[in-house]
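*Asks:* This is work-v3.cif (mmCIF, C-alpha atoms and all ligand atoms).
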data_structure
loop_
_atom_site.label_atom_id
_atom_site.label_comp_id
_atom_site.auth_asym_id
_atom_site.auth_seq_id
_atom_site.Cartn_x
_atom_site.Cartn_y
_atom_site.Cartn_z
CA MET A 1 121.46 100.37 -2.66
CA ARG A 2 123.88 101.65 -5.27
CA PHE A 3 125.70 104.92 -4.69
CA VAL A 4 127.25 107.36 -7.11
CA PHE A 5 130.42 107.05 -5.04
CA PRO A 6 131.26 104.87 -2.03
CA PRO A 7 129.65 106.22 1.18
CA PRO A 8 132.18 107.18 3.85
CA PRO A 9 132.86 104.58 6.54
CA SER A 10 131.39 105.46 9.93
CA VAL A 11 133.82 106.76 12.53
CA ALA A 12 134.33 104.04 15.13
CA ILE A 13 135.77 104.42 18.64
CA PRO A 14 137.35 101.43 20.42
CA VAL A 15 135.54 100.21 23.54
CA VAL A 16 137.54 99.12 26.58
CA GLY A 17 137.26 95.36 27.13
CA GLN A 18 135.26 94.65 23.96
CA ASP A 19 136.06 93.75 20.37
CA ALA A 20 133.11 95.75 19.06
CA ALA A 21 133.60 99.47 18.41
CA PHE A 22 131.25 102.41 19.07
CA PRO A 23 129.96 103.97 15.82
CA VAL A 24 129.73 107.76 16.05
CA HIS A 25 126.48 109.47 15.07
CA ARG A 26 126.63 113.13 16.14
CA VAL A 27 129.04 115.12 18.27
CA TYR A 28 127.41 117.62 20.62
CA CYS A 29 129.44 119.99 22.78
CA VAL A 30 128.47 122.07 25.81
CA GLY A 31 129.89 125.58 26.03
CA ARG A 32 131.31 127.13 29.22
CA ASN A 33 130.27 124.40 31.65
CA TYR A 34 132.89 124.90 34.39
CA ALA A 35 132.64 128.12 36.41
CA GLU A 36 136.38 128.84 36.43
CA HIS A 37 136.59 128.37 32.66
CA ALA A 38 133.54 130.60 32.13
CA LYS A 39 135.37 133.25 34.18
CA GLU A 40 138.56 132.97 32.16
CA MET A 41 136.43 133.44 29.02
CA GLY A 42 134.88 136.58 30.57
CA PHE A 43 131.55 135.27 31.85
CA THR A 44 130.03 134.83 35.30
CA GLY A 45 126.81 133.41 36.63
CA ARG A 46 124.79 130.29 35.82
CA GLU A 47 123.33 130.71 32.38
CA PRO A 48 121.33 127.87 30.81
CA PRO A 49 123.61 125.40 29.01
CA PHE A 50 124.17 126.04 25.32
CA PHE A 51 125.35 123.66 22.65
CA PHE A 52 127.30 123.51 19.44
CA MET A 53 128.24 120.60 17.22
CA LYS A 54 131.25 119.19 15.49
CA PRO A 55 130.97 116.98 12.42
CA ALA A 56 131.22 113.27 13.25
CA ASP A 57 134.21 112.93 10.94
CA ALA A 58 136.13 115.50 13.00
CA VAL A 59 136.55 112.70 15.56
CA VAL A 60 140.02 111.16 15.67
CA PRO A 61 139.81 107.92 17.65
CA VAL A 62 143.02 107.16 19.55
CA PRO A 63 143.35 103.51 20.64
CA ALA A 64 144.49 102.62 24.16
CA GLY A 65 148.21 102.99 24.74
CA GLN A 66 148.79 104.84 21.48
CA THR A 67 149.63 108.46 20.74
CA GLY A 68 147.32 109.92 18.13
CA ALA A 69 148.35 112.63 15.70
CA ILE A 70 146.45 115.67 14.50
CA ALA A 71 147.71 118.24 12.04
CA TYR A 72 148.04 121.87 13.15
CA PRO A 73 144.95 123.28 11.40
CA SER A 74 144.79 125.97 8.73
CA LEU A 75 143.82 129.63 9.23
CA THR A 76 144.69 129.88 12.94
CA ARG A 77 147.56 131.17 15.02
CA ASP A 78 145.88 130.29 18.32
CA LEU A 79 144.99 126.60 18.51
CA HIS A 80 143.71 125.86 22.02
CA HIS A 81 143.27 122.62 23.95
CA GLU A 82 140.09 121.89 25.93
CA ILE A 83 140.20 118.61 27.84
CA GLU A 84 136.71 117.20 28.38
CA LEU A 85 134.77 114.26 29.74
CA VAL A 86 132.86 112.80 26.79
CA VAL A 87 129.55 111.00 27.32
CA ALA A 88 128.71 108.26 24.80
CA ILE A 89 124.99 107.69 24.24
CA GLY A 90 123.91 104.06 23.79
CA THR A 91 120.13 104.44 23.93
CA GLY A 92 118.43 107.34 22.20
CA GLY A 93 115.50 109.42 23.34
CA ARG A 94 114.00 112.86 23.65
CA ASP A 95 112.85 114.89 26.65
CA ILE A 96 114.98 112.70 28.91
CA ARG A 97 114.82 113.67 32.58
CA ALA A 98 118.10 114.22 34.38
CA ALA A 99 117.23 111.42 36.81
CA ASP A 100 116.78 108.97 33.90
CA ALA A 101 119.81 110.08 31.91
CA HIS A 102 122.03 107.24 33.18
CA ARG A 103 119.84 104.74 31.32
CA HIS A 104 120.87 106.32 28.01
CA ILE A 105 124.61 106.40 28.66
CA PHE A 106 126.73 103.67 27.10
CA GLY A 107 130.01 104.88 28.54
CA TYR A 108 132.55 107.65 28.90
CA ALA A 109 135.77 108.76 27.25
CA VAL A 110 138.38 111.48 27.40
CA GLY A 111 138.25 113.95 24.53
CA LEU A 112 139.88 117.16 23.35
CA ASP A 113 137.66 119.95 22.01
CA MET A 114 140.40 121.55 19.92
CA THR A 115 139.56 125.16 19.17
CA ARG A 116 140.80 127.77 16.72
CA ARG A 117 140.38 130.41 19.44
CA ASP A 118 141.22 133.39 17.28
CA LEU A 119 138.57 132.43 14.72
CA GLN A 120 136.03 131.58 17.43
CA GLY A 121 136.67 134.98 19.05
CA GLU A 122 136.17 136.77 15.76
CA MET A 123 132.89 134.91 15.11
CA LYS A 124 131.68 135.70 18.65
CA LYS A 125 132.44 139.38 18.15
CA GLN A 126 130.46 139.41 14.90
CA GLY A 127 127.61 137.28 16.26
CA ARG A 128 128.35 134.56 13.69
CA PRO A 129 128.32 130.75 14.07
CA TRP A 130 131.30 129.10 15.76
CA CYS A 131 131.70 126.33 13.17
CA ILE A 132 135.00 127.56 11.76
CA GLY A 133 136.46 127.87 15.26
CA LYS A 134 135.16 124.56 16.59
CA GLY A 135 134.12 122.17 13.83
CA PHE A 136 137.27 121.88 11.74
CA ASP A 137 138.94 118.67 10.54
CA GLN A 138 140.50 116.54 13.31
CA SER A 139 139.13 118.89 15.98
CA ALA A 140 137.87 116.08 18.22
CA PRO A 141 140.54 113.54 19.23
CA ILE A 142 139.04 111.01 21.62
CA GLY A 143 140.31 108.06 23.63
CA PRO A 144 138.64 104.65 24.02
CA ILE A 145 135.15 104.50 25.53
CA THR A 146 134.90 102.85 28.94
CA PRO A 147 131.47 101.25 29.48
CA ALA A 148 129.58 103.05 32.26
CA ALA A 149 129.59 100.03 34.58
CA GLN A 150 133.42 99.98 34.58
CA ALA A 151 133.96 103.72 34.68
CA GLY A 152 133.77 104.32 38.43
CA ASP A 153 132.43 107.55 39.90
CA VAL A 154 132.84 109.73 36.82
CA ALA A 155 130.78 112.56 38.36
CA ASN A 156 133.49 113.07 41.00
CA ALA A 157 136.56 112.22 38.96
CA GLU A 158 139.67 114.31 38.54
CA ILE A 159 140.12 115.69 35.02
CA PHE A 160 143.48 116.94 33.75
CA LEU A 161 145.61 117.81 30.77
CA GLN A 162 149.37 118.01 30.51
CA VAL A 163 151.28 119.51 27.58
CA ASN A 164 154.82 118.18 27.21
CA GLY A 165 154.57 116.81 30.76
CA GLN A 166 153.52 120.12 32.35
CA ASP A 167 150.10 120.62 33.95
CA ARG A 168 147.80 122.90 31.95
CA GLN A 169 144.33 121.93 33.18
CA ARG A 170 143.40 120.17 36.42
CA SER A 171 139.96 120.12 38.01
CA ASN A 172 137.21 117.72 38.94
CA VAL A 173 134.08 116.70 37.05
CA SER A 174 132.12 117.63 40.19
CA GLN A 175 132.82 121.26 39.23
CA LEU A 176 130.54 121.07 36.17
CA ILE A 177 127.95 123.87 36.22
CA TRP A 178 125.40 121.55 34.55
CA ASN A 179 126.07 117.93 35.48
CA ILE A 180 125.79 115.06 33.03
CA GLY A 181 122.14 114.32 33.81
CA GLU A 182 121.11 117.97 33.56
CA THR A 183 123.08 118.36 30.33
CA ILE A 184 121.28 115.37 28.78
CA GLU A 185 117.94 116.77 29.94
CA HIS A 186 118.59 120.10 28.22
CA LEU A 187 120.16 118.56 25.12
CA SER A 188 117.38 116.02 24.57
CA ALA A 189 114.79 118.79 24.76
CA ALA A 190 116.39 120.36 21.69
CA TRP A 191 117.41 117.25 19.70
CA THR A 192 116.33 113.61 19.73
CA LEU A 193 119.39 111.76 20.97
CA GLN A 194 120.48 108.70 19.00
CA PRO A 195 122.72 105.76 19.79
CA GLY A 196 126.22 106.80 18.78
CA ASP A 197 125.88 110.41 19.85
CA LEU A 198 128.79 111.88 21.79
CA ILE A 199 128.51 114.77 24.23
CA PHE A 200 131.62 116.81 25.04
CA SER A 201 130.61 118.04 28.49
CA GLY A 202 132.76 121.18 28.75
CA THR A 203 136.28 122.05 29.79
CA PRO A 204 137.70 123.30 33.08
CA GLU A 205 139.95 126.35 33.38
CA GLY A 206 143.46 126.50 32.00
CA VAL A 207 142.80 126.48 28.25
CA ALA A 208 145.80 127.72 26.30
CA ALA A 209 147.61 127.48 23.00
CA VAL A 210 149.58 124.56 21.61
CA VAL A 211 152.07 124.49 18.76
CA ALA A 212 153.28 121.88 16.29
CA GLY A 213 155.30 119.21 18.07
CA ASP A 214 153.47 119.49 21.39
CA LEU A 215 152.39 116.29 23.14
CA LEU A 216 149.00 116.51 24.87
CA SER A 217 148.23 113.91 27.55
CA GLY A 218 144.87 114.05 29.24
CA GLY A 219 142.75 111.99 31.51
CA VAL A 220 139.71 111.53 33.66
CA ALA A 221 140.22 109.31 36.71
CA GLY A 222 138.77 105.87 36.06
CA LEU A 223 138.87 106.16 32.25
CA GLU A 224 141.38 105.22 29.60
CA GLY A 225 143.57 108.28 28.92
CA LEU A 226 144.19 110.24 25.73
CA SER A 227 147.54 111.12 24.20
CA VAL A 228 147.84 113.25 21.06
CA ARG A 229 150.73 114.92 19.26
CA ILE A 230 150.27 118.04 17.13
CA SER A 231 152.04 117.43 13.84
CA GLY A 232 153.38 120.23 11.66
MN MN B 1 134.69 122.78 24.91
#
Just dump the structure as structure tokens.
*Replies:*
Amino acid sequence: MRFVFPPPPSVAIPVVGQDAAFPVHRVYCVGRNYAEHAKEMGFTGREPPFFFMKPADAVVPVPAGQTGAIAYPSLTRDLHHEIELVVAIGTGGRDIRAADAHRHIFGYAVGLDMTRRDLQGEMKKQGRPWCIGKGFDQSAPIGPITPAAQAGDVANAEIFLQVNGQDRQRSNVSQLIWNIGETIEHLSAAWTLQPGDLIFSGTPEGVAAVVAGDLLSGGVAGLEGLSVRISG
């Protein structure tokens, strides 16, 4: 096949313990999936999960032991961090039952759903899509993927984020409103999942603003961590 210009390379995330990388297909995100975060955003109760997407090339893979860099984005004065457990799909499918979801999971990683909160808030108010608040360039830094078999008990793992060494977010994946299996069940009813899909599973409470120069260090117990600096 000849192209009128070179096609972009696929975004590839390092895999712990393997030379081969994980090629990213789509990036799905779950909104408000921890009760305490839903509360801080002004919501209560168990509503069905809802989803938004980021472009695959918004992913910034950060190799193990390195500090990644993302630029402070345009148009915002309120860039927020959201630390999240990311599920990496290895086997596609549709209408996947929660009980079968584990068969589709390649592994797990730590990701940041960076958010232009002021723009997202404005879009919410006007009933418009969230893309400009959520799907901007470099909005999805992500650490290496740990294969599921080596990841330990992710469903009961501590999840945390520090900014410049100070705790900002600290919770446990067990606090998810919709757990990983249930999330995959709902998601795969709406879209056919493909190998290479990533699912940002939601963030716990404590989201707040960062500024240029800040160092974000996050983790999920049992997984390779994620370290990112906001450049000017
Ligand atoms: Mn999020």
*Asks:* Which one is closest to A:Phe50: A:Ala157, A:Ile142, A:Ile177, A:Met123? Count all atoms listed in the file.
*Replies:*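 Looking at the shortest contact to A:Phe50, the residue is A:Ile177.
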*Asks:* Need the shell around A:Val60: protein/DNA/RNA residues with any atom at most 8 Å away, counting all atoms listed in the file. Skip same-chain ones fewer than 2 positions apart. Format as a list in words?
*Replies:*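 So the residues in contact are Asp57, Ala58, Val62, Gly68, Ile70, Gln138, Ser139, Ala140, Pro141 and Ile142 of chain A.
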*Asks:* Which residues come within 7 Å of stretch 96-108 of chain A, counting only C-alpha atoms, excluding same-chain residues fewer than 3 positions away, as JSON, numbers by chain?
*Replies:* {"A": [86, 87, 88, 89, 90, 91, 92, 93, 145, 146, 147, 148, 181, 182, 184, 185, 188]}
*Asks:* Between A:Ala20, A:Val207, A:Val15, A:Ala212, which has the minimum distance to ligand MN 1 (chain B) (counting only C-alpha atoms and all ligand atoms)?
*Replies:* A:Val207
*Asks:* Would you kindly return, as a PyMOL selection string, each protein, DNA or RNA residue with an atom no farther than 10 Å from any atom of A:Ser74, considering only C-alpha atoms and excluding same-chain residues fewer than 5 positions away?
*Replies:* chain A and resi 79+116+136-137
*Asks:* Hey, can you check how far atom CA of A:Arg94 sits from atom CA of A:Gly202?
*Replies:* 21.1 Å
*Asks:* Could you pull out the residues sitting within 12 Å of ligand MN 1 (chain B), using only C-alpha atoms and all ligand atoms, and write them as a PyMOL selection string?
*Replies:* chain A and resi 27-34+37-38+41+50-54+80-86+111-117+120+130+133-135+139-140+199-207
*Asks:* Interatomic distance between atom CA of A:Gly42 and atom CA of A:Tyr72?
*Replies:* 26.3 Å
*Asks:* Report, in Å with one decimal, the straight-line distance from atom CA of A:Arg229 to atom CA of A:Val173.
*Replies:*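 Going from atom CA of A:Arg229 over to atom CA of A:Val173 covers 24.4 Å.
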*Asks:* Of the residues A:Phe22, A:Glu122, A:Asp153, A:Glu47, which is the one nearest to A:Gly222, using all atoms listed in the file?
*Replies:*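 Under the stated criterion, the closest residue is A:Asp153.
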*Asks:* Kindly indicate which residue among A:Val228, A:Ala109, A:Ile13, A:Thr183 lies nearest to A:Gln150, using all atoms listed in the file for the distances.
*Replies:*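 Comparing A:Val228, A:Ala109, A:Ile13, A:Thr183 against A:Gln150, the winner is A:Ala109.
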*Asks:* Select, from A:Leu176, A:Ala21, A:Val11, A:Leu187, the residue with the minimum atom-to-atom distance to A:Arg46, counting only C-alpha atoms.
*Replies:* A:Leu176
*Asks:* Using all atoms listed in the file, which of A:Thr67, A:Asn179, A:Ser171, A:Gln194 sits nearest A:Leu215?
*Replies:* A:Thr67
